[in-house]
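*Asks:* Pasting in a structure now, in structure tokens, and then I'll have a few things to ask.
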Amino acid sequence: MKISMIGSGRWGTFITWYLDSIGHTVKLYGPADTPHMQALLATRSNGTVTLPESVELVCDIHALADADVIGISVPSQALHGLMGELRDANLTDKKFVLCMKGIDIKSGKRLSEIASEGAGHDRVAVWIGPGHPQEFCRGIPNCMVIDSANEALKRELVEAFSSKLIRFYYGSDLIGNEVGAAAKNVIGIAAGMLDGMGVSSLKGALMARGAREVARLIRAMGGNELSAYGLCHLGDYEATVFSKYSHNRQFGESYVKGEAYTDLAEGYYTVKAMMKLADRYKVDLPISAAVYAVLYESVPPKTAIDALFERSLKEEFV
């Protein structure tokens, strides 16, 4: 299969390496003026992944014209604009797989909705689930999910992308898988805040209650609430809530300590979209609301935690 990957960050570069390693013909595209692409052009490495010569590095988006599938790994809020670029380059007739997690802040739409609207068809899949490039590159395997509204595309990609390093499952709930995958980054920020405050023992409650509120949102949006307890969300907690490689966890810890953190933490943007969805679907998301209050309303983290404990008493599973 000929695959072109858009996005030269750590995840896009890893996926490029992975797909090449299992026998696909892969190109990696990125604008020549971006630091990540400049490093790859100079050394073919980002410090974690070294791309073999079999991978073609390109800086002209028109070079993706021969691809069977275009993979996308860019910041979630940039997807809408990217689909416009692909449309202008006459590339929207391709099959797409979104290797990214998030919710569009402006519209509250899931990323597959943004991509499908931009492409004008439903041949769009999402690749989600746990794992970090640093661990995959050391040969540590994991399980992930591919989901799509297009059943044929989903099955084609799962069969083409599975290996001993990544076992893919067929997703069966696009709404739940996308919302769950995006929301876990918000939980990751909350976990980092707990670490930064020295109350990491609260992570157990965070995981249980976090998954529960995300399940409520998924159900309200028309998805299967059990997806919150699958690989897209709860199954990704180890990599997000505990791992030293988690950008979202580290961002949360750095934030409460008053330290600078410059890597992308998608949860920062996702929590804003979550608040829009909570209002639209009339769903209570107390943990997400607490993270939002700290990040956007300057509420002290300790005050936000106290407010959660002062909420009215209720049954655990409601």
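Letters for chains follow the order of the structure tokens (A, B, ...), residue numbers begin at 1 for each chain, and ligand numbers begin at 1 in the order shown.
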Pull the closest atom pair for each residue of segment 153-181 of chain A that gets at most 8 Å from segment 121-132 of chain A, along with the distance in Å to one decimal, counting only C-alpha atoms, ordering rows by chain and then ascending residue number, as CSV.

*Replies:*
```
residue,atom,partner,partner_atom,distance
A:Leu153,CA,A:Arg123,CA,6.5
A:Lys154,CA,A:Ala125,CA,6.5
A:Asn177,CA,A:Ile128,CA,7.8
A:Glu178,CA,A:Val126,CA,7.7
A:Ala181,CA,A:Ile128,CA,6.7
```

*Asks:* Using only N, CA and C atoms, please write the residues we just selected to a file, as a compact mmCIF listing (two decimals), in the first residue's frame.

*Replies:*
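What ended up in out-v6.txt:
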```txt
# COMPACT_ATOMS: atom_id res chain seq x y z
N LEU A 153 -13.34 0.39 4.65
CA LEU A 153 -12.07 1.06 4.93
C LEU A 153 -11.52 0.60 6.28
N LYS A 154 -12.38 0.53 7.28
CA LYS A 154 -11.94 0.09 8.61
C LYS A 154 -11.29 -1.28 8.53
N ASN A 177 -15.42 6.27 20.46
CA ASN A 177 -13.97 6.15 20.33
C ASN A 177 -13.30 7.51 20.17
N GLU A 178 -13.90 8.38 19.38
CA GLU A 178 -13.29 9.70 19.18
C GLU A 178 -13.40 10.58 20.42
N ALA A 181 -11.13 9.13 23.19
CA ALA A 181 -9.71 9.37 22.91
C ALA A 181 -9.33 10.81 23.17
```

*Asks:* For Tyr255 of chain A, list every protein, DNA or RNA residue within 10 Å, evaluated using only C-alpha atoms, and leave out those in the same chain fewer than 2 positions away; present the list as a PDB file with all heavy atoms, in the first residue's frame.

*Replies:*
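And here is the file that came out, around_9.pdb:
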```
ATOM      1  N   ILE A 189      -4.080  15.812  31.855  1.00  0.00           N
ATOM      2  CA  ILE A 189      -3.705  17.087  32.471  1.00  0.00           C
ATOM      3  C   ILE A 189      -4.071  17.097  33.947  1.00  0.00           C
ATOM      4  O   ILE A 189      -3.285  17.529  34.804  1.00  0.00           O
ATOM      5  CB  ILE A 189      -4.374  18.264  31.728  1.00  0.00           C
ATOM      6  CG1 ILE A 189      -3.764  18.412  30.324  1.00  0.00           C
ATOM      7  CG2 ILE A 189      -4.207  19.559  32.515  1.00  0.00           C
ATOM      8  CD1 ILE A 189      -4.402  19.510  29.492  1.00  0.00           C
ATOM      9  N   GLY A 192      -1.545  15.169  35.870  1.00  0.00           N
ATOM     10  CA  GLY A 192      -0.311  15.920  36.054  1.00  0.00           C
ATOM     11  C   GLY A 192      -0.448  16.967  37.142  1.00  0.00           C
ATOM     12  O   GLY A 192       0.486  17.211  37.920  1.00  0.00           O
ATOM     13  N   MET A 193      -1.616  17.595  37.212  1.00  0.00           N
ATOM     14  CA  MET A 193      -1.854  18.571  38.274  1.00  0.00           C
ATOM     15  C   MET A 193      -1.785  17.904  39.645  1.00  0.00           C
ATOM     16  O   MET A 193      -1.214  18.456  40.592  1.00  0.00           O
ATOM     17  CB  MET A 193      -3.211  19.239  38.065  1.00  0.00           C
ATOM     18  CG  MET A 193      -3.253  20.183  36.872  1.00  0.00           C
ATOM     19  SD  MET A 193      -4.898  20.918  36.642  1.00  0.00           S
ATOM     20  CE  MET A 193      -4.562  22.084  35.313  1.00  0.00           C
ATOM     21  N   GLY A 196       1.804  17.339  40.432  1.00  0.00           N
ATOM     22  CA  GLY A 196       2.463  18.588  40.785  1.00  0.00           C
ATOM     23  C   GLY A 196       2.107  19.089  42.165  1.00  0.00           C
ATOM     24  O   GLY A 196       2.893  19.789  42.814  1.00  0.00           O
ATOM     25  N   ARG A 249       0.114  14.891  30.765  1.00  0.00           N
ATOM     26  CA  ARG A 249       0.433  14.759  32.176  1.00  0.00           C
ATOM     27  C   ARG A 249       1.525  15.743  32.580  1.00  0.00           C
ATOM     28  O   ARG A 249       1.424  16.436  33.605  1.00  0.00           O
ATOM     29  CB  ARG A 249       0.869  13.324  32.498  1.00  0.00           C
ATOM     30  CG  ARG A 249       0.925  13.011  33.999  1.00  0.00           C
ATOM     31  CD  ARG A 249       2.000  11.974  34.326  1.00  0.00           C
ATOM     32  NE  ARG A 249       3.323  12.462  33.971  1.00  0.00           N
ATOM     33  CZ  ARG A 249       4.014  13.332  34.714  1.00  0.00           C
ATOM     34  NH1 ARG A 249       3.515  13.825  35.829  1.00  0.00           N
ATOM     35  NH2 ARG A 249       5.208  13.731  34.318  1.00  0.00           N
ATOM     36  N   GLN A 250       2.577  15.823  31.762  1.00  0.00           N
ATOM     37  CA  GLN A 250       3.678  16.724  32.086  1.00  0.00           C
ATOM     38  C   GLN A 250       3.251  18.189  32.038  1.00  0.00           C
ATOM     39  O   GLN A 250       3.686  19.001  32.864  1.00  0.00           O
ATOM     40  CB  GLN A 250       4.857  16.500  31.144  1.00  0.00           C
ATOM     41  CG  GLN A 250       6.103  17.297  31.527  1.00  0.00           C
ATOM     42  CD  GLN A 250       6.574  16.995  32.942  1.00  0.00           C
ATOM     43  OE1 GLN A 250       6.872  15.837  33.275  1.00  0.00           O
ATOM     44  NE2 GLN A 250       6.640  18.014  33.791  1.00  0.00           N
ATOM     45  N   PHE A 251       2.376  18.510  31.077  1.00  0.00           N
ATOM     46  CA  PHE A 251       1.860  19.882  31.014  1.00  0.00           C
ATOM     47  C   PHE A 251       1.123  20.242  32.298  1.00  0.00           C
ATOM     48  O   PHE A 251       1.320  21.326  32.866  1.00  0.00           O
ATOM     49  CB  PHE A 251       0.926  20.043  29.813  1.00  0.00           C
ATOM     50  CG  PHE A 251       0.171  21.352  29.814  1.00  0.00           C
ATOM     51  CD1 PHE A 251       0.787  22.530  29.433  1.00  0.00           C
ATOM     52  CD2 PHE A 251      -1.161  21.401  30.214  1.00  0.00           C
ATOM     53  CE1 PHE A 251       0.101  23.737  29.451  1.00  0.00           C
ATOM     54  CE2 PHE A 251      -1.856  22.592  30.234  1.00  0.00           C
ATOM     55  CZ  PHE A 251      -1.226  23.768  29.851  1.00  0.00           C
ATOM     56  N   GLY A 252       0.254  19.339  32.766  1.00  0.00           N
ATOM     57  CA  GLY A 252      -0.498  19.597  33.988  1.00  0.00           C
ATOM     58  C   GLY A 252       0.410  19.778  35.184  1.00  0.00           C
ATOM     59  O   GLY A 252       0.212  20.693  36.000  1.00  0.00           O
ATOM     60  N   GLU A 253       1.432  18.935  35.301  1.00  0.00           N
ATOM     61  CA  GLU A 253       2.368  19.055  36.422  1.00  0.00           C
ATOM     62  C   GLU A 253       3.132  20.369  36.335  1.00  0.00           C
ATOM     63  O   GLU A 253       3.276  21.083  37.340  1.00  0.00           O
ATOM     64  CB  GLU A 253       3.342  17.876  36.419  1.00  0.00           C
ATOM     65  CG  GLU A 253       4.339  17.938  37.562  1.00  0.00           C
ATOM     66  CD  GLU A 253       5.238  16.709  37.636  1.00  0.00           C
ATOM     67  OE1 GLU A 253       4.943  15.700  36.967  1.00  0.00           O
ATOM     68  OE2 GLU A 253       6.238  16.772  38.385  1.00  0.00           O
ATOM     69  N   LYS A 257       3.086  23.885  38.921  1.00  0.00           N
ATOM     70  CA  LYS A 257       4.369  24.266  39.514  1.00  0.00           C
ATOM     71  C   LYS A 257       4.862  25.617  39.002  1.00  0.00           C
ATOM     72  O   LYS A 257       5.903  26.107  39.456  1.00  0.00           O
ATOM     73  CB  LYS A 257       5.423  23.190  39.223  1.00  0.00           C
ATOM     74  CG  LYS A 257       5.214  21.887  39.976  1.00  0.00           C
ATOM     75  CD  LYS A 257       6.331  20.906  39.650  1.00  0.00           C
ATOM     76  CE  LYS A 257       6.239  19.635  40.483  1.00  0.00           C
ATOM     77  NZ  LYS A 257       7.329  18.677  40.156  1.00  0.00           N
ATOM     78  N   GLY A 258       4.128  26.178  38.027  1.00  0.00           N
ATOM     79  CA  GLY A 258       4.540  27.451  37.460  1.00  0.00           C
ATOM     80  C   GLY A 258       5.730  27.348  36.540  1.00  0.00           C
ATOM     81  O   GLY A 258       6.455  28.327  36.322  1.00  0.00           O
ATOM     82  N   GLU A 259       5.942  26.162  35.962  1.00  0.00           N
ATOM     83  CA  GLU A 259       7.074  25.934  35.074  1.00  0.00           C
ATOM     84  C   GLU A 259       6.625  25.999  33.606  1.00  0.00           C
ATOM     85  O   GLU A 259       5.502  25.628  33.271  1.00  0.00           O
ATOM     86  CB  GLU A 259       7.696  24.564  35.350  1.00  0.00           C
ATOM     87  CG  GLU A 259       8.222  24.411  36.772  1.00  0.00           C
ATOM     88  CD  GLU A 259       8.637  22.982  37.100  1.00  0.00           C
ATOM     89  OE1 GLU A 259       8.364  22.068  36.276  1.00  0.00           O
ATOM     90  OE2 GLU A 259       9.212  22.791  38.190  1.00  0.00           O
ATOM     91  N   ALA A 260       7.500  26.442  32.745  1.00  0.00           N
ATOM     92  CA  ALA A 260       7.193  26.524  31.317  1.00  0.00           C
ATOM     93  C   ALA A 260       7.148  25.122  30.715  1.00  0.00           C
ATOM     94  O   ALA A 260       7.918  24.239  31.096  1.00  0.00           O
ATOM     95  CB  ALA A 260       8.236  27.366  30.596  1.00  0.00           C
ATOM     96  N   TYR A 261       6.230  24.927  29.771  1.00  0.00           N
ATOM     97  CA  TYR A 261       6.154  23.659  29.041  1.00  0.00           C
ATOM     98  C   TYR A 261       5.726  23.984  27.619  1.00  0.00           C
ATOM     99  O   TYR A 261       4.657  24.550  27.399  1.00  0.00           O
ATOM    100  CB  TYR A 261       5.151  22.695  29.690  1.00  0.00           C
ATOM    101  CG  TYR A 261       5.188  21.315  29.071  1.00  0.00           C
ATOM    102  CD1 TYR A 261       6.217  20.434  29.363  1.00  0.00           C
ATOM    103  CD2 TYR A 261       4.213  20.914  28.165  1.00  0.00           C
ATOM    104  CE1 TYR A 261       6.272  19.182  28.788  1.00  0.00           C
ATOM    105  CE2 TYR A 261       4.256  19.657  27.590  1.00  0.00           C
ATOM    106  CZ  TYR A 261       5.283  18.797  27.899  1.00  0.00           C
ATOM    107  OH  TYR A 261       5.343  17.557  27.307  1.00  0.00           O
ATOM    108  N   VAL A 294      -9.184  25.839  36.143  1.00  0.00           N
ATOM    109  CA  VAL A 294      -7.782  26.117  36.468  1.00  0.00           C
ATOM    110  C   VAL A 294      -7.068  26.755  35.274  1.00  0.00           C
ATOM    111  O   VAL A 294      -6.348  27.756  35.411  1.00  0.00           O
ATOM    112  CB  VAL A 294      -7.063  24.827  36.900  1.00  0.00           C
ATOM    113  CG1 VAL A 294      -5.561  25.070  37.061  1.00  0.00           C
ATOM    114  CG2 VAL A 294      -7.651  24.305  38.204  1.00  0.00           C
ATOM    115  N   LEU A 295      -7.280  26.193  34.087  1.00  0.00           N
ATOM    116  CA  LEU A 295      -6.535  26.645  32.914  1.00  0.00           C
ATOM    117  C   LEU A 295      -7.046  27.954  32.330  1.00  0.00           C
ATOM    118  O   LEU A 295      -6.253  28.779  31.852  1.00  0.00           O
ATOM    119  CB  LEU A 295      -6.572  25.560  31.823  1.00  0.00           C
ATOM    120  CG  LEU A 295      -5.907  24.225  32.163  1.00  0.00           C
ATOM    121  CD1 LEU A 295      -6.032  23.273  30.978  1.00  0.00           C
ATOM    122  CD2 LEU A 295      -4.440  24.421  32.529  1.00  0.00           C
ATOM    123  N   PRO A 301      -5.497  25.470  41.739  1.00  0.00           N
ATOM    124  CA  PRO A 301      -5.751  24.023  41.689  1.00  0.00           C
ATOM    125  C   PRO A 301      -6.331  23.457  42.984  1.00  0.00           C
ATOM    126  O   PRO A 301      -7.238  22.622  42.952  1.00  0.00           O
ATOM    127  CB  PRO A 301      -4.372  23.435  41.394  1.00  0.00           C
ATOM    128  CG  PRO A 301      -3.666  24.525  40.652  1.00  0.00           C
ATOM    129  CD  PRO A 301      -4.145  25.801  41.262  1.00  0.00           C
TER     130      PRO A 301
END
```

*Asks:* Which parts of segment 53-298 of chain A does DSSP call alpha helix (DSSP H) when run on the backbone here, written out as a PyMOL selection string?

*Replies:* chain A and resi 79-88+111-119+133-136+151-161+174-197+203-220+237+247-257+267-281+286-296

*Asks:* In terms of the shortest atom-to-atom distance over only C-alpha atoms, which of A:Val49, A:Ala42, A:Leu64, A:Leu313 is closest to Met5 of chain A?

*Replies:* A:Leu64

*Asks:* Find the residues near segment 108-112 of chain A: any atom within 8 Å, counting only C-alpha atoms, skip ones fewer than 4 places away on the same chain, and give them as a list in words.

*Replies:* Ser76, Leu79, Leu98, Lys101, Gly102, Ile103, Asp104, Ser116, Val124, Ala125, Val126, Ile175, Glu178, Val179, Ala273, Met274, Lys276 and Leu277 of chain A

*Asks:* Could you list, with a cut-off of 9 Å and counting only C-alpha atoms, the residues of segment 193-255 of chain A near segment 159-174 of chain A, each shown with its nearest atom pair and the distance in Å rounded to one decimal, rows sorted by chain and ascending number, as a tab-separated table?

*Replies:*
```
residue	atom	partner	partner_atom	distance
A:Gly223	CA	A:Asp173	CA	6.3
A:Asn224	CA	A:Asp173	CA	6.5
A:Ser227	CA	A:Asp173	CA	7.2
```

*Asks:* Find the residues around Glu213 of chain A up to 8 Å (only C-alpha atoms counted), leave out those fewer than 5 positions away in its own chain, and share them as a list of chain:residue names.

*Replies:* A:Asp284, A:Leu285, A:Pro286, A:Ile287

*Asks:* Those same residues, written as a CSV table (one decimal), in the first residue's frame with N, CA, C and O atoms?

*Replies:*
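Now in out_20.csv:
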```
chain,number,residue,atom,x,y,z
A,284,ASP,N,-23.2,16.7,33.0
A,284,ASP,CA,-22.3,17.1,34.0
A,284,ASP,C,-20.9,16.5,33.9
A,284,ASP,O,-20.8,15.3,33.9
A,285,LEU,N,-19.9,17.4,33.7
A,285,LEU,CA,-18.5,16.9,33.6
A,285,LEU,C,-17.7,17.6,34.6
A,285,LEU,O,-16.9,18.5,34.3
A,286,PRO,N,-17.8,17.2,35.9
A,286,PRO,CA,-17.1,18.0,37.0
A,286,PRO,C,-15.6,18.0,36.9
A,286,PRO,O,-15.0,19.1,37.2
A,287,ILE,N,-15.0,16.9,36.5
A,287,ILE,CA,-13.5,16.9,36.5
A,287,ILE,C,-13.0,17.8,35.3
A,287,ILE,O,-12.1,18.6,35.5
```

*Asks:* For Asp236 of chain A, which residue among A:Ala220, A:Ala265, A:Ala205, A:Val145 is the nearest when counting only C-alpha atoms?

*Replies:*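 Ranking A:Ala220, A:Ala265, A:Ala205, A:Val145 by distance to Asp236 of chain A, first place goes to A:Val145.
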
*Asks:* I need the residues in segment 2-237 of chain A that are strand (DSSP E or B) according to DSSP; give them as a PyMOL selection string.

*Replies:* chain A and resi 2-6+25-29+45+50+56-58+69-72+95-98+103+110+124-128+142-148+166-170

*Asks:* Export, as a short mmCIF file (atom, residue, chain, number, x, y, z; two decimals), in the first residue's frame, the selected residues with N, CA and C atoms.

*Replies:*
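Saved as out04.cif:
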```cif
data_model
loop_
_atom_site.label_atom_id
_atom_site.label_comp_id
_atom_site.auth_asym_id
_atom_site.auth_seq_id
_atom_site.Cartn_x
_atom_site.Cartn_y
_atom_site.Cartn_z
N LYS A 2 0.53 2.23 -0.82
CA LYS A 2 1.25 3.50 -0.83
C LYS A 2 0.59 4.46 0.15
N ILE A 3 1.36 4.90 1.13
CA ILE A 3 0.83 5.74 2.19
C ILE A 3 1.65 7.01 2.28
N SER A 4 0.97 8.14 2.37
CA SER A 4 1.64 9.40 2.61
C SER A 4 1.21 9.92 3.98
N MET A 5 2.18 10.28 4.79
CA MET A 5 1.92 10.76 6.14
C MET A 5 2.12 12.27 6.19
N ILE A 6 1.13 12.97 6.72
CA ILE A 6 1.24 14.41 6.92
C ILE A 6 1.45 14.66 8.40
N THR A 25 4.90 1.28 1.36
CA THR A 25 5.69 2.33 0.73
C THR A 25 5.21 3.66 1.30
N VAL A 26 6.09 4.37 1.99
CA VAL A 26 5.65 5.51 2.78
C VAL A 26 6.44 6.77 2.44
N LYS A 27 5.70 7.87 2.33
CA LYS A 27 6.28 9.22 2.25
C LYS A 27 5.89 9.98 3.50
N LEU A 28 6.75 10.90 3.91
CA LEU A 28 6.42 11.79 5.01
C LEU A 28 6.47 13.22 4.50
N TYR A 29 5.36 13.93 4.67
CA TYR A 29 5.28 15.33 4.23
C TYR A 29 5.28 16.28 5.41
N SER A 45 16.31 11.88 11.67
CA SER A 45 16.01 11.43 13.02
C SER A 45 15.38 12.56 13.84
N THR A 50 14.59 6.99 13.84
CA THR A 50 15.43 7.28 12.68
C THR A 50 14.78 6.65 11.47
N GLU A 56 10.53 8.34 1.84
CA GLU A 56 10.78 9.58 1.10
C GLU A 56 10.25 10.77 1.88
N LEU A 57 11.11 11.76 2.08
CA LEU A 57 10.72 12.99 2.76
C LEU A 57 10.39 14.04 1.71
N VAL A 58 9.19 14.63 1.80
CA VAL A 58 8.76 15.60 0.79
C VAL A 58 8.21 16.85 1.47
N VAL A 69 -3.51 5.95 0.58
CA VAL A 69 -4.02 6.42 1.86
C VAL A 69 -3.17 7.59 2.34
N ILE A 70 -3.82 8.61 2.88
CA ILE A 70 -3.10 9.73 3.51
C ILE A 70 -3.36 9.68 5.01
N GLY A 71 -2.30 9.56 5.76
CA GLY A 71 -2.39 9.62 7.21
C GLY A 71 -2.16 11.06 7.66
N ILE A 72 -2.82 11.46 8.71
CA ILE A 72 -2.71 12.83 9.20
C ILE A 72 -2.42 12.83 10.70
N LYS A 95 -8.23 8.07 0.56
CA LYS A 95 -8.66 7.53 1.84
C LYS A 95 -7.82 8.20 2.93
N PHE A 96 -8.43 8.51 4.05
CA PHE A 96 -7.72 9.21 5.11
C PHE A 96 -7.78 8.41 6.41
N VAL A 97 -6.68 8.46 7.16
CA VAL A 97 -6.66 7.91 8.52
C VAL A 97 -6.10 8.99 9.43
N LEU A 98 -6.88 9.37 10.43
CA LEU A 98 -6.50 10.42 11.36
C LEU A 98 -5.77 9.81 12.55
N ILE A 103 -11.02 17.49 19.66
CA ILE A 103 -12.35 17.93 19.26
C ILE A 103 -12.19 19.37 18.77
N ARG A 110 -16.36 16.29 16.07
CA ARG A 110 -15.30 15.30 16.13
C ARG A 110 -14.39 15.45 14.91
N VAL A 124 -12.91 7.95 5.74
CA VAL A 124 -12.07 8.55 6.78
C VAL A 124 -12.10 7.62 7.99
N ALA A 125 -10.93 7.27 8.50
CA ALA A 125 -10.81 6.41 9.68
C ALA A 125 -10.03 7.14 10.77
N VAL A 126 -10.15 6.65 11.99
CA VAL A 126 -9.35 7.16 13.10
C VAL A 126 -8.51 6.02 13.68
N TRP A 127 -7.28 6.34 14.03
CA TRP A 127 -6.33 5.41 14.62
C TRP A 127 -6.08 5.91 16.04
N ILE A 128 -6.53 5.18 17.03
CA ILE A 128 -6.46 5.66 18.41
C ILE A 128 -6.06 4.54 19.35
N ASN A 142 1.71 -3.01 21.92
CA ASN A 142 0.50 -2.49 22.53
C ASN A 142 -0.69 -2.77 21.62
N CYS A 143 -1.88 -2.46 22.12
CA CYS A 143 -3.12 -2.69 21.38
C CYS A 143 -3.77 -1.34 21.07
N MET A 144 -4.33 -1.21 19.86
CA MET A 144 -4.94 0.03 19.44
C MET A 144 -6.23 -0.27 18.67
N VAL A 145 -6.90 0.77 18.25
CA VAL A 145 -8.20 0.63 17.58
C VAL A 145 -8.21 1.48 16.31
N ILE A 146 -8.82 0.94 15.26
CA ILE A 146 -9.13 1.72 14.07
C ILE A 146 -10.63 1.68 13.90
N ASP A 147 -11.24 2.84 13.73
CA ASP A 147 -12.69 2.92 13.57
C ASP A 147 -13.01 3.83 12.39
N SER A 148 -14.17 3.63 11.82
CA SER A 148 -14.61 4.44 10.68
C SER A 148 -16.09 4.21 10.43
N ILE A 166 1.88 -3.89 17.03
CA ILE A 166 0.60 -3.26 17.33
C ILE A 166 -0.54 -4.19 16.90
N ARG A 167 -1.32 -4.60 17.84
CA ARG A 167 -2.53 -5.39 17.56
C ARG A 167 -3.70 -4.40 17.47
N PHE A 168 -4.32 -4.34 16.31
CA PHE A 168 -5.46 -3.44 16.12
C PHE A 168 -6.77 -4.20 16.31
N TYR A 169 -7.73 -3.49 16.90
CA TYR A 169 -9.09 -3.99 17.01
C TYR A 169 -9.99 -3.18 16.08
N TYR A 170 -11.04 -3.84 15.60
CA TYR A 170 -12.05 -3.14 14.79
C TYR A 170 -12.93 -2.32 15.73
#
```

*Asks:* Just give me the gap between atom CA of Thr240 of chain A and atom CA of Val186 of chain A in Å, one decimal is fine.

*Replies:*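 Taking atom CA of Thr240 of chain A as the start and atom CA of Val186 of chain A as the end point, the length is 9.5 Å.
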
*Asks:* Please indicate the distance in Å from atom CA of Ala149 of chain A to atom CA of Asn90 of chain A, rounded to one decimal place.

*Replies:* 22.7 Å

*Asks:* For a quick check of understanding, using only C-alpha atoms, which of A:Ser200, A:Lys272, A:Lys184, A:Phe317 has the smallest distance to Leu231 of chain A?

*Replies:*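 Using only C-alpha atoms, Leu231 of chain A sits closest to A:Lys184.
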
*Asks:* I want to know what sits within 7 Å of segment 82-84 of chain A, based on only C-alpha atoms, with residues of the same chain fewer than 3 positions away left out; could you give that as a list in words?

*Replies:* Ala78, Leu79, Arg87, Asp88, Ala115, Gly118 and Ala119 of chain A

*Asks:* Hey, can you check how far atom CA of Cys232 of chain A sits from atom CA of Gly176 of chain A?

*Replies:*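 According to the coordinates, atom CA of Cys232 of chain A and atom CA of Gly176 of chain A are separated by 8.2 Å.
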
*Asks:* Nearest to Cys99 of chain A among A:Ile114, A:Val74, A:Val199, A:Val158, with distances taken over only C-alpha atoms: which residue is it?

*Replies:* A:Val74

*Asks:* For each of A:Cys59, A:Val256, A:Leu202, A:Val283, take the minimum atom-to-atom distance to Leu217 of chain A, counting only C-alpha atoms, then give the residue where this is smallest.

*Replies:* A:Val283

*Asks:* Return the single residue from A:Arg280, A:Ala290, A:Met1, A:Lys94 that is closest to Ile22 of chain A, with distances computed using only C-alpha atoms.

*Replies:*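 Among the listed residues, A:Met1 lies closest to Ile22 of chain A.
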